[in-house]
Amino acid sequence: MHKYYFFFQRFLKTIFYSESRFTASMHVEALQVLLQGLCGGRQEKLKIHEICLKSGTNLGVEASEVHLLCSLSQTDPVWTVRHVGGPMRGAGAEQLPAHVRSVLESSISSNALRFFYALGYKMDYELVRIGYVFQFQRVVPITVTATMLCKVPKLHAIDEAIPVTPGIQLVELTAPASTENYSEAVGAISSFAEHLAPLIHLSKPGVPTGVVPTASTAAASLVSRGAMKVS
Amino acid sequence: MSSPGTTCKLCYWQPSGGTTVSSQVLVDLIKSIESMNGVRSGRWQVTASQHRPIRRDQAVQVECARELLGVAFSEAPNKYYFVLRPDHMVVEADSTIQSIMENLQVYRNHLTVVFEGFQYQLGDFHVKAGRAVIAHSENLRGIVLEVEYLPVSSLGKTHQLMQEFVDIWQEVAAQSMTGRIVHLEPNFGDYSLSDQYSWQHTALQYISLMVHFLSQRTN
């Protein structure tokens, strides 16, 4: 059975387009404070080496793509293979405020890369995602990630990874859903996105929403409140 | 294999020259287990599949493994195992990997062999006896026997003990049957599998047995 995920994402790049790196860092910190407040502090660090593989010429019914994710935030690396289907189409899907995609994941032993090479897959690109993840339990479990994307200058040289857009992070909201509970999942994720609205507007990938006018004020307020709690 | 601290030895029944394997052999082997005071503890099933690559253009060669072998165990329903023999590789994944492979549509199921039978308990040993058939047919390919020793997971430490158990079983079976129990041990080291026994070892043993049974078919 396929799992469906409602997928909200946008680059903070749009928001921070004309901001300095310091200001961008403050926005990132503010988002962290806000999310911590919403979920009760269950924040986890995230460091993932992501490898995108493409099927070799003439292999398979049609060209295909698969992602290998190696989580580096634990003592021992944990490997996952992920297949992401295309976004759901149709008039109903267009109306939804998030992409709906079939996403299948499986944990896999550490020889995963050698395995897919042997099956005829070739590396398309690799990157490192560094950031943090929050889990929220609403009507459906919601995962929020804020990550910085880093390019890998040499093959598998993940320790030398360089941020593609320094000080800018990608914020993604995902939630599992089935064909039966669409409306519940949409409602839960949309209302959750409203909590972040003073800082960031979330939209489907590729749909620009512009800068949030209140972002700088909200960020300054959140960061100072966060600092007060720490002290 | 029911728990992590175990070792497992996979065998098959080789009838004496001139005779063929039949369902009666399985009945007789089960009687031999019961005569050793084995207590039936349930059924089991292992599914081993052979997959072949899909080429869009049959005239053009593809750089890929010619054969992908997969194993699923009824005792470990959340896991799935792949074996690539030329590459000496065993891969462990969740059972959802099967849906991922179906979505990718790069390998197609060519043949499936189902191993199924009964499990017995004899003290610290679990013994399984079952038949191997081509899926969706009653085409008997062989009789499979599995001996599992529960308390220890080191292959080196249990090697002799397991062999002694098989020898005793062989003697009991020989009282009413003609043939012998043959162990088909793959070289675990070639596949980078350690002395500590795991489901990956079991997967490799079943794949080796499937390949053996299928090769007998073509002879």
# chains A, B, ... in the order shown; residues from 1 in each chain; ligands from 1
call {"tool": "interface_residues", "arguments": {"of": "chain B", "to": "chain A", "cutoff": "9 Å", "atoms": "only C-alpha atoms", "output": "number ranges by chain"}}
result
B: 53-58, 60-66, 68, 84, 87, 89-97, 99-100, 103-107
call {"tool": "write_last_selection", "arguments": {"atoms": "C-alpha atoms", "output": "PDB file, in the first residue's frame"}}
result
ATOM      1  CA  PRO B  53      16.405  -6.990 -15.750  1.00  0.00           C
ATOM      2  CA  ILE B  54      13.936  -5.268 -18.050  1.00  0.00           C
ATOM      3  CA  ARG B  55      15.464  -3.822 -21.195  1.00  0.00           C
ATOM      4  CA  ARG B  56      13.556  -1.223 -23.190  1.00  0.00           C
ATOM      5  CA  ASP B  57      15.410  -2.143 -26.363  1.00  0.00           C
ATOM      6  CA  GLN B  58      16.175  -5.861 -26.509  1.00  0.00           C
ATOM      7  CA  VAL B  60      20.906  -2.998 -26.742  1.00  0.00           C
ATOM      8  CA  GLN B  61      22.928  -4.422 -23.870  1.00  0.00           C
ATOM      9  CA  VAL B  62      22.508  -3.024 -20.365  1.00  0.00           C
ATOM     10  CA  GLU B  63      25.240  -2.780 -17.761  1.00  0.00           C
ATOM     11  CA  CYS B  64      23.517  -4.422 -14.828  1.00  0.00           C
ATOM     12  CA  ALA B  65      23.232  -7.614 -12.818  1.00  0.00           C
ATOM     13  CA  ARG B  66      21.674 -10.331 -14.972  1.00  0.00           C
ATOM     14  CA  LEU B  68      18.518 -10.420  -8.817  1.00  0.00           C
ATOM     15  CA  LEU B  84      23.640 -10.735  -5.973  1.00  0.00           C
ATOM     16  CA  ASP B  87      28.918  -9.406  -6.741  1.00  0.00           C
ATOM     17  CA  MET B  89      26.435  -9.242  -1.880  1.00  0.00           C
ATOM     18  CA  VAL B  90      23.579  -9.759   0.591  1.00  0.00           C
ATOM     19  CA  VAL B  91      21.338  -6.738   1.193  1.00  0.00           C
ATOM     20  CA  GLU B  92      18.891  -6.380   4.067  1.00  0.00           C
ATOM     21  CA  ALA B  93      15.901  -4.051   3.727  1.00  0.00           C
ATOM     22  CA  ASP B  94      12.352  -3.528   4.972  1.00  0.00           C
ATOM     23  CA  SER B  95       9.589  -5.418   3.220  1.00  0.00           C
ATOM     24  CA  THR B  96       8.512  -2.106   1.594  1.00  0.00           C
ATOM     25  CA  ILE B  97      11.576  -2.412  -0.678  1.00  0.00           C
ATOM     26  CA  SER B  99       6.980  -1.978  -3.505  1.00  0.00           C
ATOM     27  CA  ILE B 100       9.882   0.344  -4.337  1.00  0.00           C
ATOM     28  CA  ASN B 103       7.559   1.121  -8.824  1.00  0.00           C
ATOM     29  CA  LEU B 104      11.036   1.356 -10.346  1.00  0.00           C
ATOM     30  CA  GLN B 105      10.148  -1.362 -12.892  1.00  0.00           C
ATOM     31  CA  VAL B 106      13.747  -2.283 -13.600  1.00  0.00           C
ATOM     32  CA  TYR B 107      13.629  -5.999 -12.699  1.00  0.00           C
TER      33      TYR B 107
END
call {"tool": "select_by_dssp", "arguments": {"residues": "range 72-138 of chain A", "states": "helix (DSSP H, G or I)", "output": "list in words"}}
result
Ala91, Gly92, Ala93, Glu94, Gln95, Ala112, Leu113, Arg114, Phe115, Phe116, Tyr117 and Ala118 of chain A
call {"tool": "closest_atom_pairs", "arguments": {"of": "range 134-203 of chain A", "to": "range 93-98 of chain A", "cutoff": "9 Å", "atoms": "only C-alpha atoms", "output": "Markdown table"}}
result
| residue | atom | partner | partner_atom | distance |
| --- | --- | --- | --- | --- |
| A:Val186 | CA | A:Leu96 | CA | 7.6 |
| A:Ile189 | CA | A:Ala98 | CA | 8.8 |
| A:Ser190 | CA | A:Pro97 | CA | 7.6 |
| A:Ser203 | CA | A:Ala98 | CA | 6.8 |
call {"tool": "write_last_selection", "arguments": {"atoms": "N, CA, C and O atoms", "output": "mmCIF file, in the first residue's frame"}}
result
data_model
loop_
_atom_site.group_PDB
_atom_site.id
_atom_site.type_symbol
_atom_site.label_atom_id
_atom_site.label_comp_id
_atom_site.auth_asym_id
_atom_site.auth_seq_id
_atom_site.Cartn_x
_atom_site.Cartn_y
_atom_site.Cartn_z
ATOM 1 N N VAL A 186 -4.970 17.499 5.037
ATOM 2 C CA VAL A 186 -4.877 18.854 4.462
ATOM 3 C C VAL A 186 -5.199 19.899 5.527
ATOM 4 O O VAL A 186 -4.474 20.888 5.687
ATOM 5 N N ILE A 189 -2.348 20.123 8.220
ATOM 6 C CA ILE A 189 -1.095 20.725 7.772
ATOM 7 C C ILE A 189 -1.296 22.209 7.429
ATOM 8 O O ILE A 189 -0.415 23.043 7.657
ATOM 9 N N SER A 190 -2.483 22.538 6.899
ATOM 10 C CA SER A 190 -2.757 23.947 6.579
ATOM 11 C C SER A 190 -2.842 24.782 7.848
ATOM 12 O O SER A 190 -2.290 25.887 7.908
ATOM 13 N N SER A 203 4.240 27.255 0.763
ATOM 14 C CA SER A 203 3.432 27.008 -0.422
ATOM 15 C C SER A 203 3.952 25.772 -1.134
ATOM 16 O O SER A 203 4.973 25.204 -0.758
#
call {"tool": "residues_around", "arguments": {"residues": "range 15-31 of chain B", "least_positions_apart": "6", "cutoff": "8 Å", "atoms": "only C-alpha atoms", "output": "PyMOL selection string"}}
result
chain B and resi 129-131+140+142-143+173+176-180
call {"tool": "residues_around", "arguments": {"residues": "Phe134 in chain A", "least_positions_apart": "5", "cutoff": "10 Å", "atoms": "only C-alpha atoms", "output": "list in words"}}
result
Gln32, Leu35, Gln36, Leu38, Cys39, Gly40, Gly41, Arg42, Gln43, Glu44, Lys45, Leu46, Ile142, Thr143, Val144, Thr145, Ala146 and Leu173 of chain A
call {"tool": "write_last_selection", "arguments": {"atoms": "N, CA and C atoms", "output": "tab-separated table (two decimals), in the first residue's frame"}}
result
chain	number	residue	atom	x	y	z
A	32	GLN	N	13.30	28.39	14.76
A	32	GLN	CA	13.64	27.33	15.71
A	32	GLN	C	12.93	27.57	17.05
A	35	LEU	N	9.15	26.88	16.58
A	35	LEU	CA	8.85	25.45	16.48
A	35	LEU	C	9.04	24.75	17.82
A	36	GLN	N	10.06	25.16	18.53
A	36	GLN	CA	10.30	24.57	19.86
A	36	GLN	C	9.11	24.85	20.77
A	38	LEU	N	6.05	25.38	19.84
A	38	LEU	CA	4.87	24.66	19.37
A	38	LEU	C	4.91	23.18	19.72
A	39	CYS	N	6.10	22.60	19.71
A	39	CYS	CA	6.16	21.14	19.90
A	39	CYS	C	6.65	20.76	21.29
A	40	GLY	N	7.02	21.69	22.10
A	40	GLY	CA	7.46	21.36	23.45
A	40	GLY	C	8.91	20.95	23.52
A	41	GLY	N	9.71	21.38	22.56
A	41	GLY	CA	11.16	21.21	22.66
A	41	GLY	C	11.72	19.92	22.10
A	42	ARG	N	10.89	19.12	21.43
A	42	ARG	CA	11.42	17.87	20.88
A	42	ARG	C	12.11	18.12	19.53
A	43	GLN	N	13.29	18.67	19.62
A	43	GLN	CA	14.04	19.01	18.41
A	43	GLN	C	15.18	18.02	18.24
A	44	GLU	N	15.41	17.59	17.01
A	44	GLU	CA	16.55	16.70	16.75
A	44	GLU	C	17.40	17.29	15.65
A	45	LYS	N	18.71	17.12	15.80
A	45	LYS	CA	19.61	17.57	14.75
A	45	LYS	C	19.52	16.61	13.57
A	46	LEU	N	19.80	17.16	12.43
A	46	LEU	CA	19.67	16.39	11.20
A	46	LEU	C	20.93	16.57	10.37
A	142	ILE	N	2.96	15.39	11.95
A	142	ILE	CA	3.55	16.36	11.03
A	142	ILE	C	5.04	16.47	11.32
A	143	THR	N	5.83	16.44	10.27
A	143	THR	CA	7.27	16.59	10.42
A	143	THR	C	7.68	17.92	9.77
A	144	VAL	N	8.44	18.70	10.51
A	144	VAL	CA	8.96	19.96	9.96
A	144	VAL	C	10.47	19.86	9.93
A	145	THR	N	11.06	20.08	8.78
A	145	THR	CA	12.52	20.12	8.70
A	145	THR	C	12.95	21.49	8.20
A	146	ALA	N	14.03	21.97	8.77
A	146	ALA	CA	14.67	23.21	8.28
A	146	ALA	C	16.12	22.83	8.02
A	173	LEU	N	7.33	20.90	5.29
A	173	LEU	CA	6.34	20.24	6.16
A	173	LEU	C	5.83	19.01	5.43
call {"tool": "select_by_dssp", "arguments": {"residues": "range 96-181 of chain A", "states": "strand (DSSP E or B)", "output": "PyMOL selection string"}}
result
chain A and resi 99-108+121-137+141-151+162-163+170-177
call {"tool": "atom_distance", "arguments": {"atom1": "CA of Tyr206 in chain B", "atom2": "CA of Ser35 in chain B"}}
result
26.5 Å
call {"tool": "atom_distance", "arguments": {"atom1": "CA of Met210 in chain B", "atom2": "CA of Trp13 in chain B"}}
result
13.4 Å
call {"tool": "atom_distance", "arguments": {"atom1": "CA of Leu155 in chain A", "atom2": "CA of Ile48 in chain A"}}
result
15.4 Å
call {"tool": "closest_residue", "arguments": {"among": "A:Cys70, A:Leu34, A:His99, A:Leu222", "to": "Gly206 in chain A", "atoms": "only C-alpha atoms"}}
result
A:His99
call {"tool": "residues_around", "arguments": {"residues": "range 161-172 of chain B", "least_positions_apart": "6", "cutoff": "10 Å", "atoms": "only C-alpha atoms", "output": "NGL selection string"}}
result
:B and (7-9 or 11 or 13 or 29 or 31-33 or 35-36 or 125 or 145-149 or 155 or 179-183)
